[in-house]
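Below is run-v4.pdb, which holds PDB, C-alpha atoms.
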ATOM      1  CA  MET A 267      -0.569 -26.132 -25.203
ATOM      2  CA  TYR A 268      -0.361 -23.256 -22.751
ATOM      3  CA  LYS A 269      -3.485 -21.490 -21.502
ATOM      4  CA  HIS A 270      -1.984 -19.545 -18.572
ATOM      5  CA  ILE A 271       1.468 -17.979 -18.844
ATOM      6  CA  LEU A 272       3.054 -16.285 -15.827
ATOM      7  CA  VAL A 273       5.656 -13.645 -16.625
ATOM      8  CA  ALA A 274       7.996 -12.138 -14.038
ATOM      9  CA  VAL A 275       8.633  -8.479 -14.845
ATOM     10  CA  ASP A 276      10.958  -5.932 -13.265
ATOM     11  CA  GLY A 277      11.256  -3.224 -15.913
ATOM     12  CA  SER A 278      14.738  -4.254 -17.071
ATOM     13  CA  ASP A 279      15.619  -4.791 -20.732
ATOM     14  CA  THR A 280      15.918  -8.526 -20.067
ATOM     15  CA  SER A 281      12.503  -8.619 -18.425
ATOM     16  CA  ASN A 282      11.050  -6.758 -21.401
ATOM     17  CA  LEU A 283      12.520  -9.391 -23.745
ATOM     18  CA  ALA A 284      10.831 -12.084 -21.648
ATOM     19  CA  LEU A 285       7.543 -10.184 -21.860
ATOM     20  CA  GLN A 286       7.825  -9.933 -25.653
ATOM     21  CA  GLU A 287       8.419 -13.691 -25.950
ATOM     22  CA  ALA A 288       5.532 -14.436 -23.581
ATOM     23  CA  MET A 289       3.208 -12.177 -25.594
ATOM     24  CA  LYS A 290       4.191 -13.972 -28.782
ATOM     25  CA  LEU A 291       3.428 -17.337 -27.175
ATOM     26  CA  ALA A 292       0.172 -16.070 -25.701
ATOM     27  CA  LYS A 293      -1.025 -14.879 -29.102
ATOM     28  CA  GLU A 294      -0.036 -18.143 -30.801
ATOM     29  CA  GLN A 295      -1.632 -20.299 -28.101
ATOM     30  CA  GLN A 296      -4.547 -17.977 -27.275
ATOM     31  CA  ALA A 297      -3.349 -17.952 -23.679
ATOM     32  CA  ALA A 298      -3.842 -15.463 -20.881
ATOM     33  CA  LEU A 299      -0.861 -13.718 -19.305
ATOM     34  CA  ARG A 300      -0.393 -12.907 -15.664
ATOM     35  CA  LEU A 301       2.392 -10.441 -14.967
ATOM     36  CA  ILE A 302       4.003 -10.625 -11.554
ATOM     37  CA  HIS A 303       6.250  -8.040  -9.951
ATOM     38  CA  VAL A 304       7.798  -8.740  -6.572
ATOM     39  CA  VAL A 305       9.176  -5.980  -4.365
ATOM     40  CA  ASP A 306      11.645  -7.318  -1.827
ATOM     41  CA  GLU A 307      11.852  -4.883   1.067
ATOM     42  CA  THR A 308      13.786  -7.181   3.393
ATOM     43  CA  PRO A 309      17.327  -6.168   2.317
ATOM     44  CA  VAL A 310      16.499  -2.603   3.257
ATOM     45  CA  TYR A 311      16.008  -3.617   6.856
ATOM     46  CA  MET A 312      19.287  -5.501   6.928
ATOM     47  CA  THR A 313      21.890  -3.704   4.862
ATOM     48  CA  MET A 314      21.041  -0.217   3.723
ATOM     49  CA  ASP A 315      21.535   3.152   5.272
ATOM     50  CA  ILE A 316      18.977   5.270   3.498
ATOM     51  CA  ALA A 317      18.920   9.025   3.413
ATOM     52  CA  TYR A 318      15.214   9.265   4.146
ATOM     53  CA  ALA A 319      12.616   7.516   6.278
ATOM     54  CA  LEU A 320      11.926   3.853   5.657
ATOM     55  CA  PRO A 321       8.195   4.411   4.974
ATOM     56  CA  ASP A 322       9.155   6.888   2.242
ATOM     57  CA  PHE A 323      11.567   4.369   0.729
ATOM     58  CA  GLN A 324       8.912   1.641   0.814
ATOM     59  CA  LYS A 325       6.411   3.972  -0.837
ATOM     60  CA  VAL A 326       8.851   4.737  -3.659
ATOM     61  CA  MET A 327       9.638   1.029  -4.163
ATOM     62  CA  ARG A 328       5.962   0.107  -4.254
ATOM     63  CA  GLU A 329       5.005   2.921  -6.616
ATOM     64  CA  ALA A 330       7.849   1.971  -8.948
ATOM     65  CA  GLY A 331       6.689  -1.653  -8.936
ATOM     66  CA  GLN A 332       3.110  -0.683  -9.693
ATOM     67  CA  LYS A 333       4.353   1.476 -12.562
ATOM     68  CA  VAL A 334       6.339  -1.452 -14.009
ATOM     69  CA  LEU A 335       3.239  -3.641 -13.891
ATOM     70  CA  ALA A 336       1.013  -0.978 -15.451
ATOM     71  CA  THR A 337       3.480  -0.314 -18.280
ATOM     72  CA  CYS A 338       3.948  -4.014 -19.050
ATOM     73  CA  ALA A 339       0.204  -4.680 -18.898
ATOM     74  CA  ALA A 340      -0.465  -1.795 -21.291
ATOM     75  CA  THR A 341       2.117  -3.231 -23.699
ATOM     76  CA  ALA A 342       0.406  -6.637 -23.624
ATOM     77  CA  ARG A 343      -3.060  -5.151 -24.071
ATOM     78  CA  GLN A 344      -1.868  -3.082 -27.042
ATOM     79  CA  ALA A 345      -0.636  -6.337 -28.578
ATOM     80  CA  GLY A 346      -4.102  -7.835 -28.117
ATOM     81  CA  VAL A 347      -3.167 -10.217 -25.306
ATOM     82  CA  GLU A 348      -5.439 -10.919 -22.342
ATOM     83  CA  VAL A 349      -3.491  -9.891 -19.239
ATOM     84  CA  ASP A 350      -3.820  -9.365 -15.519
ATOM     85  CA  THR A 351      -1.290  -8.422 -12.873
ATOM     86  CA  LYS A 352      -0.094  -9.512  -9.465
ATOM     87  CA  PHE A 353       1.919  -7.275  -7.137
ATOM     88  CA  VAL A 354       3.723  -8.971  -4.264
ATOM     89  CA  ILE A 355       5.592  -7.337  -1.381
ATOM     90  CA  LEU A 356       8.118  -9.396   0.548
ATOM     91  CA  GLU A 357       8.513  -8.160   4.088
ATOM     92  CA  VAL A 358      10.012 -11.203   5.791
ATOM     93  CA  LEU A 359      13.467 -12.716   5.527
ATOM     94  CA  THR A 360      12.208 -16.265   5.055
ATOM     95  CA  ARG A 361      10.637 -15.616   1.660
ATOM     96  CA  ARG A 362      12.523 -14.874  -1.553
ATOM     97  CA  ILE A 363      11.459 -13.431  -4.897
ATOM     98  CA  CYS A 364      11.787 -16.840  -6.567
ATOM     99  CA  ASP A 365       9.533 -18.345  -3.872
ATOM    100  CA  ALA A 366       6.841 -15.746  -4.534
ATOM    101  CA  ILE A 367       6.979 -16.358  -8.303
ATOM    102  CA  ASN A 368       6.703 -20.130  -7.895
ATOM    103  CA  GLU A 369       3.879 -19.805  -5.356
ATOM    104  CA  GLU A 370       1.959 -17.628  -7.794
ATOM    105  CA  ALA A 371       2.581 -20.118 -10.616
ATOM    106  CA  LYS A 372       1.084 -22.904  -8.486
ATOM    107  CA  GLY A 373      -1.847 -20.890  -7.179
ATOM    108  CA  TRP A 374      -2.983 -19.215 -10.394
ATOM    109  CA  PRO A 375      -2.348 -21.960 -11.939
ATOM    110  CA  ALA A 376       0.193 -21.262 -14.667
ATOM    111  CA  ASP A 377       1.053 -23.742 -17.404
ATOM    112  CA  LEU A 378       4.356 -21.961 -18.065
ATOM    113  CA  ILE A 379       6.617 -19.479 -16.276
ATOM    114  CA  VAL A 380       8.567 -17.008 -18.416
ATOM    115  CA  ILE A 381      11.470 -15.161 -16.839
ATOM    116  CA  GLY A 382      14.463 -13.215 -18.059
ATOM    117  CA  THR A 383      18.003 -13.701 -16.868
ATOM    118  CA  HIS A 384      20.964 -11.387 -17.110
ATOM    119  CA  GLY A 385      23.287 -14.366 -17.368
ATOM    120  CA  ARG A 386      25.697 -13.117 -14.729
ATOM    121  CA  HIS A 387      28.406 -15.492 -13.648
ATOM    122  CA  GLY A 388      31.358 -15.633 -11.332
ATOM    123  CA  PHE A 389      31.660 -13.021  -8.612
ATOM    124  CA  ASN A 390      28.703 -10.935  -9.871
ATOM    125  CA  HIS A 391      26.453 -13.992  -9.695
ATOM    126  CA  LEU A 392      27.701 -14.781  -6.213
ATOM    127  CA  LEU A 393      26.936 -11.257  -5.002
ATOM    128  CA  LEU A 394      23.657 -10.703  -6.778
ATOM    129  CA  GLY A 395      22.275 -14.233  -6.919
ATOM    130  CA  SER A 396      19.799 -15.188  -9.569
ATOM    131  CA  VAL A 397      16.055 -15.021  -9.311
ATOM    132  CA  ALA A 398      15.746 -17.024 -12.534
ATOM    133  CA  GLU A 399      17.986 -19.751 -11.160
ATOM    134  CA  GLY A 400      15.893 -19.953  -7.997
ATOM    135  CA  VAL A 401      12.678 -20.158 -10.015
ATOM    136  CA  ILE A 402      14.107 -22.966 -12.138
ATOM    137  CA  ARG A 403      15.378 -24.881  -9.123
ATOM    138  CA  LEU A 404      12.038 -24.756  -7.280
ATOM    139  CA  ALA A 405       9.547 -24.797 -10.152
ATOM    140  CA  VAL A 406       6.954 -27.501 -10.545
ATOM    141  CA  LYS A 407       5.845 -25.863 -13.801
ATOM    142  CA  PRO A 408       7.806 -25.570 -17.066
ATOM    143  CA  VAL A 409      10.065 -22.517 -17.180
ATOM    144  CA  LEU A 410      11.110 -20.605 -20.289
ATOM    145  CA  VAL A 411      14.266 -18.586 -19.599
ATOM    146  CA  ILE A 412      15.034 -15.633 -21.863
ATOM    147  CA  HIS A 413      18.647 -14.473 -21.865
ATOM    148  CA  GLY A 414      19.404 -10.784 -22.032
ATOM    149  CA  ALA A 415      21.177  -9.279 -25.000
TER     150      ALA A 415
END
If you took the structure in this file and wrote it as structure tokens, what would it be?
Amino acid sequence: MYKHILVAVDGSDTSNLALQEAMKLAKEQQAALRLIHVVDETPVYMTMDIAYALPDFQKVMREAGQKVLATCAATARQAGVEVDTKFVILEVLTRRICDAINEEAKGWPADLIVIGTHGRHGFNHLLLGSVAEGVIRLAVKPVLVIHGA
């Protein structure tokens, strides 16, 4: 039985499917949800030429992340699910999104991690990596992976 379910959200359709499944489980099991959104600012320092100042870019990224969390939390509350949120900013190269999700799962403590995956493979997977795959590989908690449509 799950009492604490951690859900990684990013505003994508796949993430929204994961949220829907987590809400269904939370209602069935009378569990609390914690939504986590991780903003990774480190690639900006390394690879991007941006047309405006870095502080402005960071502000936009952070505001967008907060909006994702607020929207997802409102959806859960409207469904009658107890929910709270966690916003994480990665600013160092030694920490990855999957690390932050697993650290939160340990520290909260979650009984289950729910995450969506786009199911990319081949060259796209090589280029983009997979947060879900990293979470699965490192998790010490059960992980429910929801595949995108």
request  = Pick out the residues sitting within 7 Å of region 320-336 of chain A, and hand them over as JSON, numbers by chain; count only C-alpha atoms, and ignore anything fewer than 6 positions along from it in its own chain.
outcome  = {"A": [276, 277, 301, 303, 305, 351]}
inquiry  = Evaluated on this file, the PyMOL selection byres ((chain A and resi 269) around 12) picks out some residues - which ones are they, written as a ChimeraX atom specification?
reply    = /A:267-268,270-272,288,291-300,347-349,374-379
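Coordinates place CA of Gly414 (chain A) at a distance of 16.9 Å from CA of Lys290 (chain A).
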inquiry  = When the PyMOL selection byres ((chain A and resi 353) around 6) is applied to the structure above, which residues does it catch, written out as a PyMOL selection string?
reply    = chain A and resi 302-303+352+354
Could you write out that same residue set with C-alpha atoms as a PDB file, in the frame of the given file?
ATOM      1  CA  ILE A 302       4.003 -10.625 -11.554  1.00  0.00           C
ATOM      2  CA  HIS A 303       6.250  -8.040  -9.951  1.00  0.00           C
ATOM      3  CA  LYS A 352      -0.094  -9.512  -9.465  1.00  0.00           C
ATOM      4  CA  VAL A 354       3.723  -8.971  -4.264  1.00  0.00           C
TER       5      VAL A 354
END
ask   = Counting only C-alpha atoms, what is within 12 Å of Ile402 (chain A), bar same-chain residues fewer than 4 positions away, as a PyMOL selection string?
value = chain A and resi 364-365+367-368+371+378-383+396-398+406-411
request  = Run the PyMOL selection byres ((chain A and resi 358) around 9) on the file and write out the hits as number ranges by chain.
outcome  = A: 306-308, 356-357, 359-362
Since we have the selection now, will you write its residues out, keeping C-alpha atoms, as an mmCIF file, in the frame of the given file?
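The result, stored in selection-v4.cif:
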data_model
loop_
_atom_site.group_PDB
_atom_site.id
_atom_site.type_symbol
_atom_site.label_atom_id
_atom_site.label_comp_id
_atom_site.auth_asym_id
_atom_site.auth_seq_id
_atom_site.Cartn_x
_atom_site.Cartn_y
_atom_site.Cartn_z
ATOM 1 C CA ASP A 306 11.645 -7.318 -1.827
ATOM 2 C CA GLU A 307 11.852 -4.883 1.067
ATOM 3 C CA THR A 308 13.786 -7.181 3.393
ATOM 4 C CA LEU A 356 8.118 -9.396 0.548
ATOM 5 C CA GLU A 357 8.513 -8.160 4.088
ATOM 6 C CA LEU A 359 13.467 -12.716 5.527
ATOM 7 C CA THR A 360 12.208 -16.265 5.055
ATOM 8 C CA ARG A 361 10.637 -15.616 1.660
ATOM 9 C CA ARG A 362 12.523 -14.874 -1.553
#
query = CA of Leu285 (chain A) and CA of Ile412 (chain A) are how many Å apart?
reply = 9.3 Å
key: Using only C-alpha atoms: which of A:Lys372, A:His413, A:Arg343, A:Arg403 has the shortest distance to Ser281 (chain A)   =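 Under the stated criterion, the closest residue is A:His413.
Picture a line from CA of Val273 (chain A) to CA of Ala342 (chain A); it runs 11.2 Å.
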message = I'd like to know which of A:Ile355, A:Ala345, A:Gln286, A:Thr337 is closest to Val304 (chain A), using all atoms listed in the file.
response = A:Ile355
